[in-house]
Amino acid sequence: MPAIKIKKFQKISKTKYCFGTGRRKSAIARVRIIKGKGNIIINGQEIESYFELNIARKIILTPLKLTGFDKKIDLSVMIKGGGKIAQAHAIQLGLSRALIKFEPDLKTTLRKSGFLTQDSREKERKKPGLKRARRAPQWQKR
């Protein structure tokens, strides 16, 4: 039998995992999904201890519940920057992108639900002579 040649950078793993990156405002999330039992680890903590707000947990879990993978895969997330809600939206986008790599048939379902659209709005920078980005100093007559 001929030996199997492996490319220099090809990685062989026994577990199938997929990555996805999500961004919202200044929050950047790197999401890794693995076949498992539904465990979610965010920056080394459980989801309940990292996100105290129930709304943030709902934002993250909606793509999983929509596709039916909520008890079939484990999530490992590294996130930095932004506030908690922006982080939750970044995780949602990264998770949706990773799910497409994991199961390509889900793309139409996630696209129709709006989970693959990145919200590119960021804070506008402060301009010189103004108090904030657009707020001018109050006009005085005398």
# chains A, B, ... in the order shown; residues from 1 in each chain; ligands from 1
>>> residues_around(residues="Gln118 of chain A", least_positions_apart="5", cutoff="12 Å", atoms="only C-alpha atoms", output="PDB file with N, CA and C atoms, in the first residue's frame")
ATOM      1  N   THR A  21     -16.037  33.655  13.250  1.00  0.00           N
ATOM      2  CA  THR A  21     -15.690  34.924  13.876  1.00  0.00           C
ATOM      3  C   THR A  21     -16.854  35.879  13.725  1.00  0.00           C
ATOM      4  N   GLY A  22     -17.208  36.524  14.827  1.00  0.00           N
ATOM      5  CA  GLY A  22     -18.286  37.497  14.804  1.00  0.00           C
ATOM      6  C   GLY A  22     -17.828  38.813  15.406  1.00  0.00           C
ATOM      7  N   ARG A  23     -18.318  39.921  14.855  1.00  0.00           N
ATOM      8  CA  ARG A  23     -17.958  41.250  15.356  1.00  0.00           C
ATOM      9  C   ARG A  23     -19.209  42.091  15.518  1.00  0.00           C
ATOM     10  N   ARG A  24     -19.217  42.921  16.563  1.00  0.00           N
ATOM     11  CA  ARG A  24     -20.287  43.891  16.783  1.00  0.00           C
ATOM     12  C   ARG A  24     -19.699  45.042  17.580  1.00  0.00           C
ATOM     13  N   LYS A  25     -19.770  46.257  17.047  1.00  0.00           N
ATOM     14  CA  LYS A  25     -19.134  47.434  17.629  1.00  0.00           C
ATOM     15  C   LYS A  25     -17.659  47.130  17.846  1.00  0.00           C
ATOM     16  N   ILE A  28     -15.214  41.380  19.595  1.00  0.00           N
ATOM     17  CA  ILE A  28     -14.778  40.369  18.629  1.00  0.00           C
ATOM     18  C   ILE A  28     -14.876  39.009  19.301  1.00  0.00           C
ATOM     19  N   ALA A  86     -23.318  43.713  23.102  1.00  0.00           N
ATOM     20  CA  ALA A  86     -22.542  43.668  21.861  1.00  0.00           C
ATOM     21  C   ALA A  86     -21.765  42.362  21.769  1.00  0.00           C
ATOM     22  N   HIS A  89     -24.204  39.633  20.675  1.00  0.00           N
ATOM     23  CA  HIS A  89     -24.480  39.692  19.236  1.00  0.00           C
ATOM     24  C   HIS A  89     -23.282  39.211  18.412  1.00  0.00           C
ATOM     25  N   ALA A  90     -22.066  39.498  18.877  1.00  0.00           N
ATOM     26  CA  ALA A  90     -20.871  39.015  18.177  1.00  0.00           C
ATOM     27  C   ALA A  90     -20.791  37.489  18.252  1.00  0.00           C
ATOM     28  N   ILE A  91     -21.118  36.920  19.412  1.00  0.00           N
ATOM     29  CA  ILE A  91     -21.125  35.457  19.556  1.00  0.00           C
ATOM     30  C   ILE A  91     -22.185  34.848  18.652  1.00  0.00           C
ATOM     31  N   GLN A  92     -23.352  35.487  18.560  1.00  0.00           N
ATOM     32  CA  GLN A  92     -24.425  34.995  17.702  1.00  0.00           C
ATOM     33  C   GLN A  92     -23.981  34.924  16.242  1.00  0.00           C
ATOM     34  N   LEU A  93     -23.310  35.966  15.761  1.00  0.00           N
ATOM     35  CA  LEU A  93     -22.832  35.979  14.385  1.00  0.00           C
ATOM     36  C   LEU A  93     -21.745  34.930  14.167  1.00  0.00           C
ATOM     37  N   GLY A  94     -20.793  34.836  15.098  1.00  0.00           N
ATOM     38  CA  GLY A  94     -19.734  33.833  14.984  1.00  0.00           C
ATOM     39  C   GLY A  94     -20.268  32.418  15.024  1.00  0.00           C
ATOM     40  N   SER A  96     -23.319  31.475  14.112  1.00  0.00           N
ATOM     41  CA  SER A  96     -24.031  31.226  12.856  1.00  0.00           C
ATOM     42  C   SER A  96     -23.061  30.883  11.727  1.00  0.00           C
ATOM     43  N   ARG A  97     -21.942  31.603  11.670  1.00  0.00           N
ATOM     44  CA  ARG A  97     -20.937  31.305  10.645  1.00  0.00           C
ATOM     45  C   ARG A  97     -20.306  29.933  10.854  1.00  0.00           C
ATOM     46  N   ARG A 111     -29.902  32.649   7.107  1.00  0.00           N
ATOM     47  CA  ARG A 111     -29.960  33.897   6.337  1.00  0.00           C
ATOM     48  C   ARG A 111     -31.348  34.535   6.438  1.00  0.00           C
TER      49      ARG A 111
END
>>> closest_residue(among="A:Gln140, A:Thr117, A:Gln87, A:Ser76", to="Ile40 of chain A", atoms="only C-alpha atoms")
A:Ser76
>>> residues_around(residues="Ile33 of chain A", least_positions_apart="4", cutoff="6 Å", atoms="only C-alpha atoms", output="compact mmCIF listing (two decimals) with C-alpha atoms, in the first residue's frame")
# COMPACT_ATOMS: atom_id res chain seq x y z
CA TYR A 17 -14.74 21.28 14.90
CA CYS A 18 -15.50 24.49 13.05
CA ASP A 74 -20.48 22.23 22.57
CA LEU A 75 -19.37 25.85 22.23
>>> closest_residue(among="A:Trp139, A:Phe102, A:Tyr50, A:Phe115", to="Met78 of chain A", atoms="only C-alpha atoms")
A:Tyr50
>>> decode(residues="segment 46-103 of chain A", atoms="C-alpha atoms", output="tab-separated table (two decimals), in the first residue's frame")
chain	number	residue	atom	x	y	z
A	46	GLU	CA	-20.04	28.85	32.06
A	47	ILE	CA	-22.59	30.95	30.16
A	48	GLU	CA	-24.67	31.58	33.32
A	49	SER	CA	-21.73	33.07	35.21
A	50	TYR	CA	-20.40	35.15	32.27
A	51	PHE	CA	-23.75	36.54	31.10
A	52	GLU	CA	-25.95	37.35	34.10
A	53	LEU	CA	-28.57	38.95	31.84
A	54	ASN	CA	-31.14	36.50	30.54
A	55	ILE	CA	-31.60	38.51	27.31
A	56	ALA	CA	-27.90	38.06	26.42
A	57	ARG	CA	-28.18	34.30	26.87
A	58	LYS	CA	-31.30	34.25	24.66
A	59	ILE	CA	-29.46	36.16	21.92
A	60	ILE	CA	-26.69	33.54	21.90
A	61	LEU	CA	-28.98	30.49	22.01
A	62	THR	CA	-31.46	31.52	19.27
A	63	PRO	CA	-29.42	30.16	16.30
A	64	LEU	CA	-28.92	26.88	18.16
A	65	LYS	CA	-32.63	26.47	18.95
A	66	LEU	CA	-33.64	27.45	15.41
A	67	THR	CA	-31.40	24.79	13.86
A	68	GLY	CA	-31.99	22.16	16.55
A	69	PHE	CA	-28.35	21.90	17.63
A	70	ASP	CA	-28.89	23.19	21.18
A	71	LYS	CA	-28.17	19.79	22.79
A	72	LYS	CA	-25.89	18.35	20.08
A	73	ILE	CA	-22.83	20.62	20.06
A	74	ASP	CA	-20.48	22.23	22.57
A	75	LEU	CA	-19.37	25.85	22.23
A	76	SER	CA	-16.01	27.28	23.16
A	77	VAL	CA	-15.88	31.07	22.84
A	78	MET	CA	-13.09	33.60	23.27
A	79	ILE	CA	-14.40	37.16	23.30
A	80	LYS	CA	-12.92	40.57	23.99
A	81	GLY	CA	-14.03	44.20	23.80
A	82	GLY	CA	-17.42	45.85	23.83
A	83	GLY	CA	-20.28	45.59	26.29
A	84	LYS	CA	-22.21	42.48	27.24
A	85	ILE	CA	-25.00	42.88	24.67
A	86	ALA	CA	-22.54	43.67	21.86
A	87	GLN	CA	-20.56	40.59	22.91
A	88	ALA	CA	-23.73	38.49	22.77
A	89	HIS	CA	-24.48	39.69	19.24
A	90	ALA	CA	-20.87	39.01	18.18
A	91	ILE	CA	-21.13	35.46	19.56
A	92	GLN	CA	-24.43	35.00	17.70
A	93	LEU	CA	-22.83	35.98	14.38
A	94	GLY	CA	-19.73	33.83	14.98
A	95	LEU	CA	-21.88	30.87	15.98
A	96	SER	CA	-24.03	31.23	12.86
A	97	ARG	CA	-20.94	31.30	10.64
A	98	ALA	CA	-19.50	28.25	12.39
A	99	LEU	CA	-22.80	26.37	12.02
A	100	ILE	CA	-22.68	26.95	8.25
A	101	LYS	CA	-19.20	25.43	8.08
A	102	PHE	CA	-20.41	22.55	10.25
A	103	GLU	CA	-23.64	21.97	8.28
